[in-house]
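Before any comments, here is the structure.
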Amino acid sequence: MRNNRPEASILVIFGAGGDLSWRKLIPALFNLHLNNWLPEKFAIIGVDLKPIELEKYLAHLRQGINNFSRSIHADDPDWQNFSAFIHYLSADFKESDTYTTLANQLKAVEQEWGVKANKIFYQATPPSLVKMIIEHLGQSGLLDDRQRNRVVLEKPFGHDLVSAIKLNTVITNQLDESQIFRIDHFLGKETVQNILAFRFANALFEPIWDQRYIDHVQITVAETLGVEHRGEYYDQAGALRDMVQNHLMQLLCMIAMEPPVSFTDNEIRNKKVDVLHAIRPIPEDKLSSFAVRGQYDSGIIQDKAVPSYREEPDIKQDSTTESFAAIKLMIDNWRWQDVPFYLRTGKRMSEDVSEISIQFKPVPHQSFPPTSLEDWQPNRLLIHVQPNEGIQLSFQAKQPGPQMKLGPVNMRFTYQDAFHATIPNPYETLLLDVMQGDATLFMRADQVEAAWTVMDPILQGWESTNPDNFPNYEAGTWGPKAADELLKQDGRHWFIPCCFDRSKK
Ligand code: BG6
């Protein structure tokens with residue numbers, strides 16, 4: 001629980017000249033500064049190869065804040081105060097000298113402050129450099145203080161189960177698990193954190209949150225964006241690795257986990273990992289009944305023509321990488337037996353929307369005549385992760401008029417109406433958590449590995465057979481036909497997520 005500003009902290013960003021720092025980390029830190037959440041004693045040391053004068057580097061960061069900060073521009077006095085925290089070290093990550101210089105700088109800052117500080121090493125670098133940087137940090141003694149020295153890692157955490165285990169072994173050779181903060185930025189989103197509040201701070205929903213009342217769950221994370229400038233990475237990864245293994249699996253865990261005994265990091269993570277362990281392995285010989293892949297063709301999105309996946313920069317012309325994935329998972333435990341969880345995500349889809357839809361079972365006995373039920377729909381709870389963040393419950397009501405006609409109506413909670421506040425960027429929440437040493441919203445090694453265990457059979461099945469129908473969905477649609485079949489075989493269909501417009505079925 002957050003009550004106080006964190007203790008003195010120094011944040012070292014490896015890859016300080018990169019996109020992540022520019023677009024996400026510095027704007028998030030700036031907002032924390034404006035809201036008085038940064039420690040009173042705070043410093044940022046940006047490390048990167050590029051020789052650049054501090055003034056120029058700061059001007060670049062200020063531009064990033066103006067472009068990407070959630071609400072407020074970097075006005076002069078605020079910026080002057082904030083920029084005083086920032087130092088830049090032009091250095092090669094491969095050289096041991098870099099770490100000696102860094103250690104001296106850290107010591108100098110602490111001596112000036114007269115207190116011991118938390119030292120947070122943020123890896124905003126390509127994944128190939130992570131192992132080397134951590135080993136150097138370890139050899140320089142910069143990870144020795146198990147309480148105060150922490151490392152933040154960005155995904156991908158491996159490429160499959162075997163590589164994830166290897167990576168975890170390398171980093172846990174240098175660090176205790178308690179020092180490692182593996183970021184899944186979805187977990188920092190307000191609406192995602194609110195799932196826990198919704199489920200466990202209300203007595204109303206938990207009693208019906210199981211296989212007796214819930215028919216199935218759908219999780220959709222759709223993007224209109226293509227691969228943008230990330231073709232090189234994305235073509236190696238694909239939708240399953242980029243989104244499902246981490247973000248969608250975490251959403252599933254939040255919906256499916258058992259109530260925690262307390263709100264401590266390991267308790268929450270234990271409950272989530274229990275869900276991952278209970279997921280039924282996908283049978284190799286029935287893969288197509290459980291997993292569907294797709295790749296976008298050219299099309300029109302918001303009145304603009306967009307190219308096909310294979311025409312994007314840095315993508316192979318005959319690429320078989322999926323830009324869309326849909327899977328069906330079953331959870332073998334008392335709560336979720338026989339309740340399918342359908343997950344889908346894709347690039348260049350019809351809309352930008354992330355939504356969790358929980359559909360309840362019909363009433364056990366329908367006493368209304370068929371004429372009353374023409375517009376009848378099952379109860380549905382929608383969690384709008386983004387945009388139009390909120391929660392909506394659909395239930396049946398009598399439509400006005402002399403006849404008994406039933407139809408769905410909605411009860412809504414929107415963040416906008418309830419709080420009249422802008423929603424913090426997930427990186428604000430997560431960076432503050434790291435400074436406070438709270439790992440609740442971060443991925444533990446066993447969570448990462450358990451999620452890969454679920455993905456591995458799909459990855460292996462897909463890698464062993466080339467899809468001969470790619471591209472198989474037009475940009476600006478909801479994905480390939482086969483994704484509809486995935487639900488149709490169970491007598492269900494995908495709901496069209498459309499913000500709060502539930503008139504469409
Ligand atoms: C990232 C993926 O983790 O999440 C991207 O690598 C994706 O491909 C992004 O676009 C989506 O995050 P958000 O917060 O913009 O929904």
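Residue numbering restarts at 1 in every chain; chains get A, B, ... in the order shown in the structure tokens, and ligands count up from 1 in that same order.
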
Selection as a ChimeraX atom specification: residues within 10 Å of ligand 1 by only C-alpha atoms and all ligand atoms: /A:154-156,183-189,221-228,230,233-234,237-239,241-244,246-247,323,345-347,352-354,385-387,425-427

Non-local contacts of Ile195 in chain A (10 Å; only C-alpha atoms; under 5 positions in same chain excluded) as a ChimeraX atom specification: /A:190,200-201,251,254-255,383,385,391

Trp376 in chain A surroundings by only C-alpha atoms, 7 Å radius, close-in-sequence under 4 positions cut, as JSON, numbers by chain: {"A": [396, 406, 407, 408]}

Alpha helix (DSSP H) positions in range 216-425 of chain A, given as JSON, numbers by chain: {"A": [231, 232, 233, 234, 235, 236, 237, 239, 249, 250, 251, 252, 253, 254, 255, 256, 265, 266, 267, 268, 269, 270, 271, 272, 273, 274, 275, 276, 277, 278, 415, 416, 417, 418, 419]}

Would you save the residues from that selection as a CSV table (one decimal), in the first residue's frame, using N, CA and C atoms?
chain,number,residue,atom,x,y,z
A,231,GLY,N,9.7,-3.8,-36.8
A,231,GLY,CA,9.6,-5.0,-37.6
A,231,GLY,C,10.6,-6.1,-37.3
A,232,GLU,N,11.9,-5.6,-37.0
A,232,GLU,CA,13.0,-6.5,-36.8
A,232,GLU,C,12.7,-7.4,-35.6
A,233,TYR,N,12.2,-6.8,-34.5
A,233,TYR,CA,11.9,-7.5,-33.3
A,233,TYR,C,10.6,-8.4,-33.6
A,234,TYR,N,9.6,-7.7,-34.1
A,234,TYR,CA,8.3,-8.3,-34.1
A,234,TYR,C,8.3,-9.6,-35.0
A,235,ASP,N,9.0,-9.5,-36.1
A,235,ASP,CA,9.0,-10.6,-37.1
A,235,ASP,C,9.7,-11.9,-36.4
A,236,GLN,N,10.5,-11.7,-35.4
A,236,GLN,CA,11.1,-12.8,-34.6
A,236,GLN,C,10.1,-13.3,-33.6
A,237,ALA,N,9.2,-12.4,-33.2
A,237,ALA,CA,8.4,-12.7,-32.0
A,237,ALA,C,7.0,-13.2,-32.4
A,239,ALA,N,2.6,-12.4,-32.5
A,239,ALA,CA,1.6,-12.0,-31.5
A,239,ALA,C,1.6,-12.9,-30.2
A,249,MET,N,-2.1,-13.4,-20.7
A,249,MET,CA,-2.1,-14.4,-19.7
A,249,MET,C,-2.2,-13.8,-18.3
A,250,GLN,N,-1.6,-12.6,-18.1
A,250,GLN,CA,-1.8,-11.9,-16.8
A,250,GLN,C,-3.2,-11.4,-16.6
A,251,LEU,N,-3.9,-11.0,-17.7
A,251,LEU,CA,-5.3,-10.6,-17.5
A,251,LEU,C,-6.1,-11.8,-17.1
A,252,LEU,N,-5.8,-12.9,-17.8
A,252,LEU,CA,-6.5,-14.2,-17.4
A,252,LEU,C,-6.3,-14.5,-15.9
A,253,CYS,N,-5.1,-14.4,-15.5
A,253,CYS,CA,-4.8,-14.7,-14.1
A,253,CYS,C,-5.6,-13.8,-13.1
A,254,MET,N,-5.7,-12.5,-13.5
A,254,MET,CA,-6.4,-11.6,-12.5
A,254,MET,C,-7.9,-12.0,-12.5
A,255,ILE,N,-8.4,-12.5,-13.6
A,255,ILE,CA,-9.8,-12.9,-13.6
A,255,ILE,C,-10.0,-14.2,-12.8
A,256,ALA,N,-9.0,-15.1,-13.0
A,256,ALA,CA,-9.3,-16.5,-12.6
A,256,ALA,C,-8.7,-16.8,-11.2
A,265,ASP,N,3.1,-9.0,-2.1
A,265,ASP,CA,3.5,-9.3,-3.4
A,265,ASP,C,3.6,-10.8,-3.7
A,266,ASN,N,4.1,-11.6,-2.8
A,266,ASN,CA,4.3,-13.0,-3.1
A,266,ASN,C,2.9,-13.7,-2.9
A,267,GLU,N,2.1,-13.3,-2.1
A,267,GLU,CA,0.8,-13.9,-1.9
A,267,GLU,C,0.0,-13.7,-3.3
A,268,ILE,N,0.0,-12.5,-3.8
A,268,ILE,CA,-0.8,-12.3,-5.1
A,268,ILE,C,-0.1,-13.1,-6.2
A,269,ARG,N,1.2,-13.1,-6.2
A,269,ARG,CA,1.9,-13.8,-7.3
A,269,ARG,C,1.7,-15.4,-7.1
A,270,ASN,N,1.6,-15.8,-5.9
A,270,ASN,CA,1.3,-17.3,-5.7
A,270,ASN,C,0.0,-17.6,-6.3
A,271,LYS,N,-1.0,-16.8,-6.0
A,271,LYS,CA,-2.4,-17.1,-6.5
A,271,LYS,C,-2.4,-17.1,-8.0
A,272,LYS,N,-1.7,-16.2,-8.6
A,272,LYS,CA,-1.7,-16.1,-10.1
A,272,LYS,C,-1.0,-17.3,-10.7
A,273,VAL,N,0.1,-17.7,-10.1
A,273,VAL,CA,0.8,-18.8,-10.6
A,273,VAL,C,0.0,-20.1,-10.5
A,274,ASP,N,-0.8,-20.2,-9.5
A,274,ASP,CA,-1.7,-21.4,-9.3
A,274,ASP,C,-2.6,-21.5,-10.5
A,275,VAL,N,-3.1,-20.4,-11.0
A,275,VAL,CA,-3.9,-20.4,-12.2
A,275,VAL,C,-3.2,-21.0,-13.4
A,276,LEU,N,-2.0,-20.4,-13.6
A,276,LEU,CA,-1.2,-20.9,-14.7
A,276,LEU,C,-0.9,-22.4,-14.7
A,277,HIS,N,-0.6,-22.9,-13.5
A,277,HIS,CA,-0.4,-24.3,-13.3
A,277,HIS,C,-1.6,-25.1,-13.6
A,278,ALA,N,-2.8,-24.5,-13.4
A,278,ALA,CA,-4.0,-25.3,-13.6
A,278,ALA,C,-4.5,-25.3,-15.1
A,415,TYR,N,-14.3,5.6,-15.4
A,415,TYR,CA,-13.3,6.4,-14.6
A,415,TYR,C,-13.5,7.8,-14.8
A,416,GLN,N,-13.8,8.2,-16.1
A,416,GLN,CA,-14.0,9.6,-16.4
A,416,GLN,C,-15.1,10.2,-15.5
A,417,ASP,N,-16.3,9.6,-15.5
A,417,ASP,CA,-17.4,10.2,-14.7
A,417,ASP,C,-17.1,10.1,-13.2
A,418,ALA,N,-16.5,9.0,-12.8
A,418,ALA,CA,-16.4,8.8,-11.3
A,418,ALA,C,-15.3,9.6,-10.7
A,419,PHE,N,-14.2,9.8,-11.5
A,419,PHE,CA,-13.1,10.4,-10.8
A,419,PHE,C,-12.6,11.7,-11.4

Residue neighbourhood range 105-113 of chain A, 9 Å, only C-alpha atoms, exclusion window fewer than 6 positions, as a PyMOL selection string: chain A and resi 8+10+41+43+45+119

d(CA of His87 in chain A, CA of Leu54 in chain A) in Å: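 That distance, rounded to one decimal, is 7.1 Å.
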
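When only C-alpha atoms are used to compute distances to Gln399 in chain A, the closest of the residues A:Ile13, A:Ile496, A:Ile331, A:Leu373 turns out to be A:Leu373.
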
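In this model, the gap between CA of Leu459 in chain A and CA of Glu474 in chain A comes to 23.3 Å.
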
Selection: 6 Å around Ala16 in chain A, only C-alpha atoms, excl. self and same-chain fewer than 3 positions, as a count of residues only: 5

Test item, strand (DSSP E or B) assignment across range 37-112 of chain A, answer as a ChimeraX atom specification: /A:42-48,86-90

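Using only C-alpha atoms, the shortest contact distance between Pro480 in chain A and any of A:Asp76, A:Asp297, A:Glu206, A:Asp314 is found at A:Asp297.
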
Distance criterion (only C-alpha atoms): nearest to Ala451 in chain A out of A:Ile52, A:Ile219, A:Thr172, A:Leu248: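 Nearest candidate to Ala451 in chain A out of A:Ile52, A:Ile219, A:Thr172, A:Leu248: A:Leu248.
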
Coordinates-based distance that separates CA of Val448 in chain A from CA of Ile279 in chain A (Å, one decimal):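 Taking CA of Ile279 in chain A as the start and CA of Val448 in chain A as the end point, the length is 14.1 Å.
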
Who sits within 9 Å of Ala103 in chain A, only C-alpha atoms, same chain under 6 positions skipped, as number ranges by chain: A: 140-142

Residues from last step as file, C-alpha atoms, as a PDB file, in the first residue's frame:
ATOM      1  CA  SER A 140      31.406  -4.703  -9.819  1.00  0.00           C
ATOM      2  CA  GLY A 141      29.603  -5.376  -6.546  1.00  0.00           C
ATOM      3  CA  LEU A 142      26.721  -3.147  -7.599  1.00  0.00           C
TER       4      LEU A 142
END

Residue among A:Thr422, A:Gln337, A:Ser394, A:Ser464 lying closest to Gln211 in chain A, counting only C-alpha atoms: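 Looking only at the distances to Gln211 in chain A, the closest residue turns out to be A:Gln337.
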
Best match for closeness to Arg492 in chain A among A:Leu29, A:Val217, A:Ile356, A:Ile315, counting only C-alpha atoms: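 Result for the nearest residue to Arg492 in chain A: A:Val217.
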